[in-house]
Every structure is written in structure tokens, then in C-alpha cells.
Amino acid sequence: MSHDPSHPATTQIHHPYTAPEGFESPVVPVYKGSTVYFPTVADLRARQWVDKSAYTYGLHGTPTTFTLEARLATLEHAMHVLLAPSGLSVITVVDMALLSQGDTVLFPDNVYFPNRDFTRHELARWGIGHAVYDAMDVDSLAAALTPEVKLVWLEAPGSVTLEFPDLTGLIARIRAKAPQAVIALDNTWGAGLAFNPFEMRGEDGKLVGVDLTVHALTKYPSGGGDVLMGSIACRDTALYERLAWTHSRLGLGVGANDVEMVLRAMPSLSLRYATQDAAARRIAAWAQGQGGVRRVLHPALPSSPGHAHWARLCKAAAGLVTLEMDPSLAPERVDAFVDGLQCFRIGWSWGGPVSLAVPYQAKGMRKLSTPYEGVLVRLCIGLESVDDLIADLEKGLRRL
């Protein structure tokens, strides 16, 4: 039987047509592919991906992922960005790239809980120690800075309770006492818009900054509540390459369609962030003094812990508000309050179009002292009418 070079199976795979260049539109093209073609064997052997000057394999980047990374670098005031499948995954990449057996990692007592959990379980099994400091007390951090500390996590504001720390004071103390430590900030709340973590001026006027940031793109950059993704941003090339090689060895990649969705949402990021910020401030101000609410936690409120630090560094405050409920209210009653809300849905995450409410038990949230007594209800403000959200909360508090 003779070979038929015109067989459809062959012509459809090796079709010679190439679309003409010059097509432009507002949408970034979506490149999908695990295999990347090389024109010659020599080119295959010569290409390298770590500096993003060429393509080698889909896991190491495509024009689509490189575009999102470049836009995020601009947003975060960084030079280098890596993408991973979730916010938690970029935290684990940082830990695994920078820590070895015998090292110690520090994190604030109000840290994002999965970060603490990964440290207490996986890192502990690998012989990596950890210590907790009070984010609102620079001396508490200083006391924990030993020669073994190789990584310090910062969070601004704190997870759930939204205390805003003295970031510049914390960073200055780390630089002075533990210059060997890399400083990492979870910048999901700031989203690259509230402040520039790589360039902050302390009360003494000196310029200080973190070494890297992580960002749960699941939140504001996605904006739709339908994408899981995270990023690491830094300025130092040597640090970036250290992170990139660990990222590569772990085989972390992101789907092209997920990248497409984040890219599509990026142009509206600052508009959505400002809208949700303004709505959250209005709701926070309204909630003060409402029956059943002991305290309102929101960095822009003068009564909220760390407000002065926020006011010195930030120009925005995101869309999170936490209500510390009256301690006399039984947890079951607070749960019923959350269950009865109509505009606020019950669910994890934030930064999307739908407002969310989740109750937390203050007791047990902290390893150090717990300055909260009642149940905490975290509100994630979406894009609904603020009047409707306030009316919903008002009815719920009246029932409570």
C-alpha cells in the first residue's frame, strides 16, 4: 500500500497555512500548548526560559502568561512575577524556596490561617521551625529575630481582624537585627493599589521596603469569584531566580483560560477596588454604634487598631469590614444573623461582585493574647447597591 501524503490525518496536523500578522484587538491572545516547537536541535538546546526571553515548554510560560506577569509587575511596582494556581500555592513556593532544615520562619499572630497551618504541619515535618509575633508590637517581632530566622512574613492588614501594623517599623527592625532574613508581604488586601510595599517611608523619612509580595489573584484581579490563581512579585533578580527554580521543580502551572479571565478583568481593577473601598467605608461608618455590634474593624476608622499606620502609608482600604459582635450574644444567635442576610451570601474569599459574610469565633484565633471577646463577622463588600447592603444588615441586626 503506497503512502498517501494527502491523508486528512496528516494534512490537518501539518497544514502549511499560517495566519497573516497584524491582527490587533483589546483582548490579549490566548496561547495554549504544552509542547513548544523549536526550529532546530541547536535552538532546542540553546533556549532557556528563566529570564523569559524564549519559550521552551508550556509549563514555563506562553505569550499569554508572560503578558499577565508583566502587567502584574507594573501593578505591584516589581520587576519579576511568577504565577501559580492559587494564593496559598505562592505562599508555599516562597516557604519551600527560601527555607531549609534548621531555619526558622516568623509570621504575625493575625496571619492568614492556611499560611500558619502549612508552617505548623508540612514545614515542621521537614525540620523547619517557626515563631509567632504580635503584628502590632515591633518589640515582639524583635524578640523573635534569631540568627536562624531566614524568612519573615508580614500581613497588612491582619487576616479577619484587619489590624494595620507599623510596616516600616517592622521592616526597619528586621533589617537591623536579622539582615539574613527575606521579608515577604501578603499584599492581597492592598492589591498593588493601596500602597507600594517596595518603597515606603518610615516616620524618620527613610525609604524601606519588602523583598517580595504574594498576591491571591483569586480576589481583586480576578474580580469574578470564578478563578483561582496567585502571584509572587519581587525586584531582585537573584531572589527571583531562586523562587523560579523552585516553582519550576514543583511543576506549577496556570491554565490559559484562567489567565485570559484575569487579563480581561485587569483594566477594571482600579475602578472595582475604588468602588468596593468606598462602599466598605460607608458601611463601616454606619455600623458603628449599631445595636449588637461592639466594635467595627476597618483600617480607615480612627478607632480601628493601627489606623495611624494605615493613614500614613495608604490611599485606599479595600472592601473588607469586620464586626465584633456584642460578647453577650451567643454564637448561635450570630450564626442566625448571618443566615438571615439576603444580599450577603455565605462563602469564603472576597474581591468578587457578590457580598459575603462569615462568622468567626474570636477564641482560639490567636496564639498570643486575644483582644476580641465576641464573635467576629467578616463582611466582604461586593458591587451591590450600598443602600441595599445597609438595609440588609439593619434588618438582620434588628432581628438579632
# chains A, B, ... in the order shown; residues from 1 in each chain; ligands from 1
$ residues_around --residues "Ser349 of chain A" --least-positions-apart "3" --cutoff "10 Å" --atoms "only C-alpha atoms" --output "JSON, numbers by chain"
{"A": [216, 218, 219, 225, 346, 352, 356, 357, 358, 380]}
$ residues_around --residues "segment 60-72 of chain A" --least-positions-apart "4" --cutoff "9 Å" --atoms "only C-alpha atoms" --output "PyMOL selection string"
chain A and resi 28-33+49-50+52+54-56+76-83+192+231+233+248+251-254+256+259-260+262-263+266
$ closest_residue --among "A:Ala181, A:Ala9, A:Val334, A:Val94" --to "Val214 of chain A" --atoms "only C-alpha atoms"
A:Val94
$ closest_residue --among "A:Ser89, A:Thr119, A:Ser303, A:Thr35" --to "Gly230 of chain A" --atoms "only C-alpha atoms"
A:Ser89
$ select_by_dssp --residues "segment 220-339 of chain A" --states "alpha helix (DSSP H)" --output "ChimeraX atom specification"
/A:237-249,256-265,269-287,307-313,331-339
$ closest_residue --among "A:Asp211, A:Glu324, A:Asp387, A:Asp392" --to "Cys343 of chain A" --atoms "only C-alpha atoms"
A:Asp392
$ residues_around --residues "Trp310 of chain A" --least-positions-apart "2" --cutoff "8 Å" --atoms "only C-alpha atoms" --output "PyMOL selection string"
chain A and resi 164-165+299-300+306-308+312-314
$ select_by_dssp --residues "segment 55-127 of chain A" --states "strand (DSSP E or B)" --output "ChimeraX atom specification"
/A:80-84,104-108
$ closest_residue --among "A:Val227, A:Val386, A:Val132, A:Ala97" --to "Ser355 of chain A" --atoms "only C-alpha atoms"
A:Val386
$ residues_around --residues "Ile174 of chain A" --least-positions-apart "3" --cutoff "12 Å" --atoms "only C-alpha atoms" --output "VMD selection string"
chain A and resid 106 138 to 147 149 to 154 167 to 171 177 to 184 208 to 211
$ atom_distance --atom1 "atom CA of Ala176 of chain A" --atom2 "atom CA of Ile128 of chain A"
23.1 Å
$ atom_distance --atom1 "atom CA of Ala194 of chain A" --atom2 "atom CA of Ala318 of chain A"
7.7 Å
$ residues_around --residues "Ala124 of chain A" --least-positions-apart "6" --cutoff "12 Å" --atoms "only C-alpha atoms" --output "number ranges by chain"
A: 95-96, 99-105, 116-118, 130-131
$ write_last_selection --atoms "C-alpha atoms" --output "compact mmCIF listing (two decimals), in the first residue's frame"
# COMPACT_ATOMS: atom_id res chain seq x y z
CA ASP A 95 8.50 28.88 52.03
CA MET A 96 10.00 25.99 50.11
CA LEU A 99 13.81 27.72 53.94
CA SER A 100 15.96 24.70 54.80
CA GLN A 101 16.17 22.28 57.71
CA GLY A 102 17.16 24.16 60.86
CA ASP A 103 15.82 27.51 59.64
CA THR A 104 13.03 29.44 61.32
CA VAL A 105 10.17 31.35 59.75
CA ARG A 116 0.18 29.20 59.65
CA ASP A 117 -1.22 25.72 59.00
CA PHE A 118 1.33 24.91 56.27
CA HIS A 130 8.54 28.80 63.37
CA ALA A 131 7.71 31.56 65.82
$ atom_distance --atom1 "atom CA of His298 of chain A" --atom2 "atom CA of Val321 of chain A"
5.4 Å
$ closest_residue --among "A:Ala156, A:Leu400, A:Leu217, A:Leu228" --to "Leu269 of chain A" --atoms "only C-alpha atoms"
A:Leu217
$ closest_residue --among "A:Tyr133, A:Phe337, A:Tyr112, A:Tyr372" --to "Arg295 of chain A" --atoms "only C-alpha atoms"
A:Tyr372
